[in-house]
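Trainee: Handing you a structure now.
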Amino acid sequence: MTDGKVYYHCVPPVKAIPCLTPFGMKLETYLRMTEIPYEAGYGNRTGPKDKIQWIEYNGEAMGDSGLIIEFLNKEKGVDLNKNLSDTDKAVSRAFTKMLEENTYWGLVHERGIDNSGRLYFELLKLPWYVRLLQLTPILIKKYAKKMMWAHGIGRHSMDELEGIIEKDLKALSTFLGTKPYLMGEEPTEVDAAVFGQLSEFVWAVRNPDHYLHRIVTKDCPNLQAYCIRMKERYWPDWDQLIGNTKKDQ
């Protein structure tokens, strides 16, 4: 390994999106925004803290996208928030935490409960013997319910959950307004987190009528336009990445 280079680990791209985890999309978008040299390594092995997305840097493994970003900001001397006021930084953190600690669970429900993990069977190149295990979707659904119940958000009815997530996304849409990026004319660190979450709703929700996809594409079209703007600016190789998956070959 080369000293000073980031080795980024995550699940491989699929035909819908370069990464099926919003925190992986967040982290790699941040690396692209800051132009920190990195090398992507794809696989299903988890890293520290049992995180799907993690890095190795100078021989040390680190997990958690937020803590990794904090570390790299200091290590590399980068600051995407240098032009923000303290108030703007506080707002950025509030939106990041809303999306990652609250809105995110709508995606967990969509993938783990509504579809019982079938998305992973459709998009990931899983071994044939895993595909034959009919209990796998049941186990995924059970695990998702357990996580959501422990968090607390899983104790709500489906209508209540949808209402909570809808309010989150409409608040984000209202704050974004006609600005190109969340905090103004130029992207900042929060945009990596926002794009990480929203990109999954736009491109990786399999049912086009699902409320997550509907809100960000029809009810709040500025959120979809925002995602396309981020994609075009930082992911010029998007089509190449999602076209080179084993499933398509």
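Chain labels run A, B, ... following the order of the structure tokens; each chain numbers its residues from 1, and ligands are numbered from 1 in the order shown.
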Contacts of Leu80 of chain A at 10 Å or less, counting only C-alpha atoms, minus same-chain residues fewer than 6 places along, as a PyMOL selection string?

Mentor: chain A and resi 30+33-34+73+186-191

Trainee: Go ahead and save the picked residues with N, CA and C atoms, as an mmCIF file, in the first residue's frame.

Mentor:
```
data_model
loop_
_atom_site.group_PDB
_atom_site.id
_atom_site.type_symbol
_atom_site.label_atom_id
_atom_site.label_comp_id
_atom_site.auth_asym_id
_atom_site.auth_seq_id
_atom_site.Cartn_x
_atom_site.Cartn_y
_atom_site.Cartn_z
ATOM 1 N N TYR A 30 -17.589 12.343 -1.138
ATOM 2 C CA TYR A 30 -16.677 13.239 -0.411
ATOM 3 C C TYR A 30 -15.255 13.130 -0.960
ATOM 4 N N MET A 33 -15.176 14.962 -4.154
ATOM 5 C CA MET A 33 -15.304 16.408 -3.959
ATOM 6 C C MET A 33 -13.984 17.035 -3.517
ATOM 7 N N THR A 34 -13.270 16.346 -2.651
ATOM 8 C CA THR A 34 -12.016 16.878 -2.110
ATOM 9 C C THR A 34 -10.807 16.540 -2.974
ATOM 10 N N ASN A 73 -10.266 15.207 6.885
ATOM 11 C CA ASN A 73 -10.219 16.671 6.887
ATOM 12 C C ASN A 73 -8.963 17.169 7.588
ATOM 13 N N GLU A 186 -22.061 26.886 -4.106
ATOM 14 C CA GLU A 186 -21.014 25.874 -4.223
ATOM 15 C C GLU A 186 -21.270 24.741 -3.226
ATOM 16 N N PRO A 187 -20.918 23.524 -3.589
ATOM 17 C CA PRO A 187 -21.150 22.387 -2.690
ATOM 18 C C PRO A 187 -20.269 22.438 -1.452
ATOM 19 N N THR A 188 -20.785 21.910 -0.359
ATOM 20 C CA THR A 188 -20.041 21.807 0.893
ATOM 21 C C THR A 188 -20.169 20.371 1.403
ATOM 22 N N GLU A 189 -19.602 20.134 2.558
ATOM 23 C CA GLU A 189 -19.540 18.765 3.066
ATOM 24 C C GLU A 189 -20.914 18.117 3.218
ATOM 25 N N VAL A 190 -21.906 18.891 3.589
ATOM 26 C CA VAL A 190 -23.244 18.336 3.779
ATOM 27 C C VAL A 190 -23.798 17.735 2.493
ATOM 28 N N ASP A 191 -23.364 18.247 1.352
ATOM 29 C CA ASP A 191 -23.889 17.745 0.085
ATOM 30 C C ASP A 191 -23.486 16.293 -0.171
#
```

Trainee: Report as a PyMOL selection string all protein, DNA and RNA residues lying within 12 Å of Leu176 of chain A, evaluated on only C-alpha atoms, omitting residues in the same chain fewer than 2 positions from it.

Mentor: chain A and resi 91-92+95+169-174+178-185+187+190-191+194+220-227

Trainee: Which residues come within 12 Å of Tyr211 of chain A, counting only C-alpha atoms, excluding same-chain residues fewer than 4 positions away, as an MDAnalysis selection string?

Mentor: chainID A and resid 106:107 109:110 114 158:159 161:166 169 201:202 205:207 215:220

Trainee: For the interface of segment 23-111 of chain A with segment 11-15 of chain A (cut-off 10 Å, counting only C-alpha atoms), please tabulate each contacting residue of segment 23-111 of chain A alongside its nearest pair of atoms and their separation in Å to one decimal, rows sorted by chain and increasing number, as CSV.

Mentor:
```
residue,atom,partner,partner_atom,distance
A:Gly24,CA,A:Val11,CA,8.3
A:Ala40,CA,A:Pro12,CA,9.3
A:Gly41,CA,A:Pro12,CA,8.1
A:Tyr42,CA,A:Pro12,CA,4.8
A:Gly43,CA,A:Val11,CA,5.0
A:Asn44,CA,A:Val11,CA,5.6
A:Arg45,CA,A:Val11,CA,8.3
A:Thr46,CA,A:Val11,CA,9.2
A:Ile52,CA,A:Val11,CA,7.1
A:Gln53,CA,A:Val11,CA,7.6
```

Trainee: Enumerate, as number ranges by chain, the complete set of residues in segment 19-134 of chain A that a backbone-based DSSP assignment places in strand (DSSP E or B).

Mentor: A: 38-42, 54-57, 60-63

Trainee: Nearest to Trp235 of chain A: which of A:Met148, A:Val108, A:Leu31, A:Leu84 is it, counting only C-alpha atoms?

Mentor: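 Closest to Trp235 of chain A, using only C-alpha atoms: A:Leu31.
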
Trainee: With only C-alpha atoms as the basis for distance, which of A:Ala193, A:Met25, A:Ile228, A:Val6 is at the shortest distance from Met98 of chain A?

Mentor: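 The shortest atom-to-atom distance to Met98 of chain A comes from A:Ala193.
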
Trainee: Write out as a list in words which residues come within 10 Å of Lys145 of chain A when counting only C-alpha atoms, dropping same-chain ones fewer than 2 positions away.

Mentor: Val108, His109, Gly112, Ile113, Leu139, Ile140, Lys141, Lys142, Tyr143, Met147, Met148, Trp149, Ala150, His151, Ile153, Gly154 and Arg155 of chain A

Trainee: Find, counting only C-alpha atoms, the residue in A:Gly59, A:Pro18, A:Gly66, A:Gly177 that gets nearest to Gly243 of chain A.

Mentor: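 Ranking A:Gly59, A:Pro18, A:Gly66, A:Gly177 by distance to Gly243 of chain A, first place goes to A:Pro18.
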
Trainee: Here is a test: counting only C-alpha atoms, which residue of A:Ile69, A:Leu212, A:Ala204, A:Ala94 is nearest to Ile242 of chain A?

Mentor: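 Closest residue, counting only C-alpha atoms: A:Ala204.
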
Trainee: Work out how far apart atom CA of Glu56 of chain A and atom CA of Arg32 of chain A are and give it in Å to one decimal.

Mentor: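 Pair atom CA of Glu56 of chain A / atom CA of Arg32 of chain A returns 16.7 Å.
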
Trainee: From a backbone DSSP assignment, name each residue in segment 2-167 of chain A labelled helix (DSSP H, G or I), as a PyMOL selection string.

Mentor: chain A and resi 22-34+48-50+65-76+86-114+118-123+128-131+135-151+153-155+158-167

Trainee: If we count only C-alpha atoms, what is near Trp54 of chain A at a cut-off of 8 Å, once residues fewer than 2 positions away on the same chain are taken out, given as a list in words?

Mentor: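 Listed by chain and then number, they are Tyr8, His9, Cys10, Thr46, Gly47, Pro48, Lys51, Ile52, Glu56, Ala61, Met62, Gly63, Asp64, Ser65 and Ile68 of chain A.
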
Trainee: With N, CA, C and O atoms retained, write the just-selected residues as an mmCIF file, in the first residue's frame.

Mentor:
```cif
data_model
loop_
_atom_site.group_PDB
_atom_site.id
_atom_site.type_symbol
_atom_site.label_atom_id
_atom_site.label_comp_id
_atom_site.auth_asym_id
_atom_site.auth_seq_id
_atom_site.Cartn_x
_atom_site.Cartn_y
_atom_site.Cartn_z
ATOM 1 N N TYR A 8 -10.315 2.631 -0.184
ATOM 2 C CA TYR A 8 -11.732 2.663 0.165
ATOM 3 C C TYR A 8 -12.370 1.306 -0.114
ATOM 4 O O TYR A 8 -12.227 0.748 -1.205
ATOM 5 N N HIS A 9 -13.068 0.762 0.866
ATOM 6 C CA HIS A 9 -13.706 -0.548 0.730
ATOM 7 C C HIS A 9 -15.222 -0.409 0.835
ATOM 8 O O HIS A 9 -15.735 0.258 1.739
ATOM 9 N N CYS A 10 -15.931 -1.064 -0.070
ATOM 10 C CA CYS A 10 -17.381 -1.064 -0.025
ATOM 11 C C CYS A 10 -17.909 -2.180 -0.923
ATOM 12 O O CYS A 10 -17.132 -2.873 -1.589
ATOM 13 N N THR A 46 -16.723 -6.664 5.909
ATOM 14 C CA THR A 46 -16.927 -5.452 6.693
ATOM 15 C C THR A 46 -15.628 -5.044 7.382
ATOM 16 O O THR A 46 -14.726 -5.846 7.588
ATOM 17 N N GLY A 47 -15.572 -3.788 7.760
ATOM 18 C CA GLY A 47 -14.385 -3.247 8.404
ATOM 19 C C GLY A 47 -14.629 -2.974 9.872
ATOM 20 O O GLY A 47 -15.527 -3.557 10.489
ATOM 21 N N PRO A 48 -13.828 -2.069 10.471
ATOM 22 C CA PRO A 48 -13.995 -1.735 11.881
ATOM 23 C C PRO A 48 -15.417 -1.265 12.178
ATOM 24 O O PRO A 48 -16.077 -0.652 11.343
ATOM 25 N N LYS A 51 -18.703 -1.972 9.855
ATOM 26 C CA LYS A 51 -19.253 -1.095 8.831
ATOM 27 C C LYS A 51 -18.991 -1.657 7.441
ATOM 28 O O LYS A 51 -17.927 -2.207 7.163
ATOM 29 N N ILE A 52 -19.990 -1.483 6.547
ATOM 30 C CA ILE A 52 -19.848 -1.965 5.172
ATOM 31 C C ILE A 52 -18.853 -1.119 4.412
ATOM 32 O O ILE A 52 -18.082 -1.619 3.594
ATOM 33 N N GLU A 56 -8.691 2.028 4.562
ATOM 34 C CA GLU A 56 -7.362 1.766 5.113
ATOM 35 C C GLU A 56 -6.488 2.938 4.727
ATOM 36 O O GLU A 56 -6.491 3.376 3.575
ATOM 37 N N ALA A 61 -6.945 0.626 9.628
ATOM 38 C CA ALA A 61 -8.319 0.481 9.147
ATOM 39 C C ALA A 61 -9.243 1.346 9.990
ATOM 40 O O ALA A 61 -9.118 1.406 11.217
ATOM 41 N N MET A 62 -10.168 2.027 9.324
ATOM 42 C CA MET A 62 -11.104 2.913 10.009
ATOM 43 C C MET A 62 -12.506 2.716 9.464
ATOM 44 O O MET A 62 -12.686 2.564 8.255
ATOM 45 N N GLY A 63 -13.504 2.741 10.341
ATOM 46 C CA GLY A 63 -14.896 2.622 9.945
ATOM 47 C C GLY A 63 -15.692 3.848 10.342
ATOM 48 O O GLY A 63 -15.200 4.698 11.093
ATOM 49 N N ASP A 64 -16.914 3.953 9.829
ATOM 50 C CA ASP A 64 -17.868 5.029 10.061
ATOM 51 C C ASP A 64 -17.546 6.224 9.158
ATOM 52 O O ASP A 64 -16.519 6.895 9.320
ATOM 53 N N SER A 65 -18.448 6.482 8.211
ATOM 54 C CA SER A 65 -18.206 7.517 7.201
ATOM 55 C C SER A 65 -17.977 8.893 7.818
ATOM 56 O O SER A 65 -17.109 9.643 7.378
ATOM 57 N N ILE A 68 -14.532 9.002 9.470
ATOM 58 C CA ILE A 68 -13.506 8.956 8.418
ATOM 59 C C ILE A 68 -13.343 10.337 7.792
ATOM 60 O O ILE A 68 -12.220 10.811 7.576
#
```

Trainee: Would you pick out the contacts of Pro22 of chain A at 7 Å or less, using only C-alpha atoms, so that residues sharing its chain but fewer than 2 positions from it are not included, and give the list as a count of residues only?

Mentor: 7

Trainee: Mind giving me the straight-line distance from atom CA of Ile138 of chain A to atom CA of Ala16 of chain A in Å, one decimal?

Mentor: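 Calculated distance between atom CA of Ile138 of chain A and atom CA of Ala16 of chain A is 23.8 Å.
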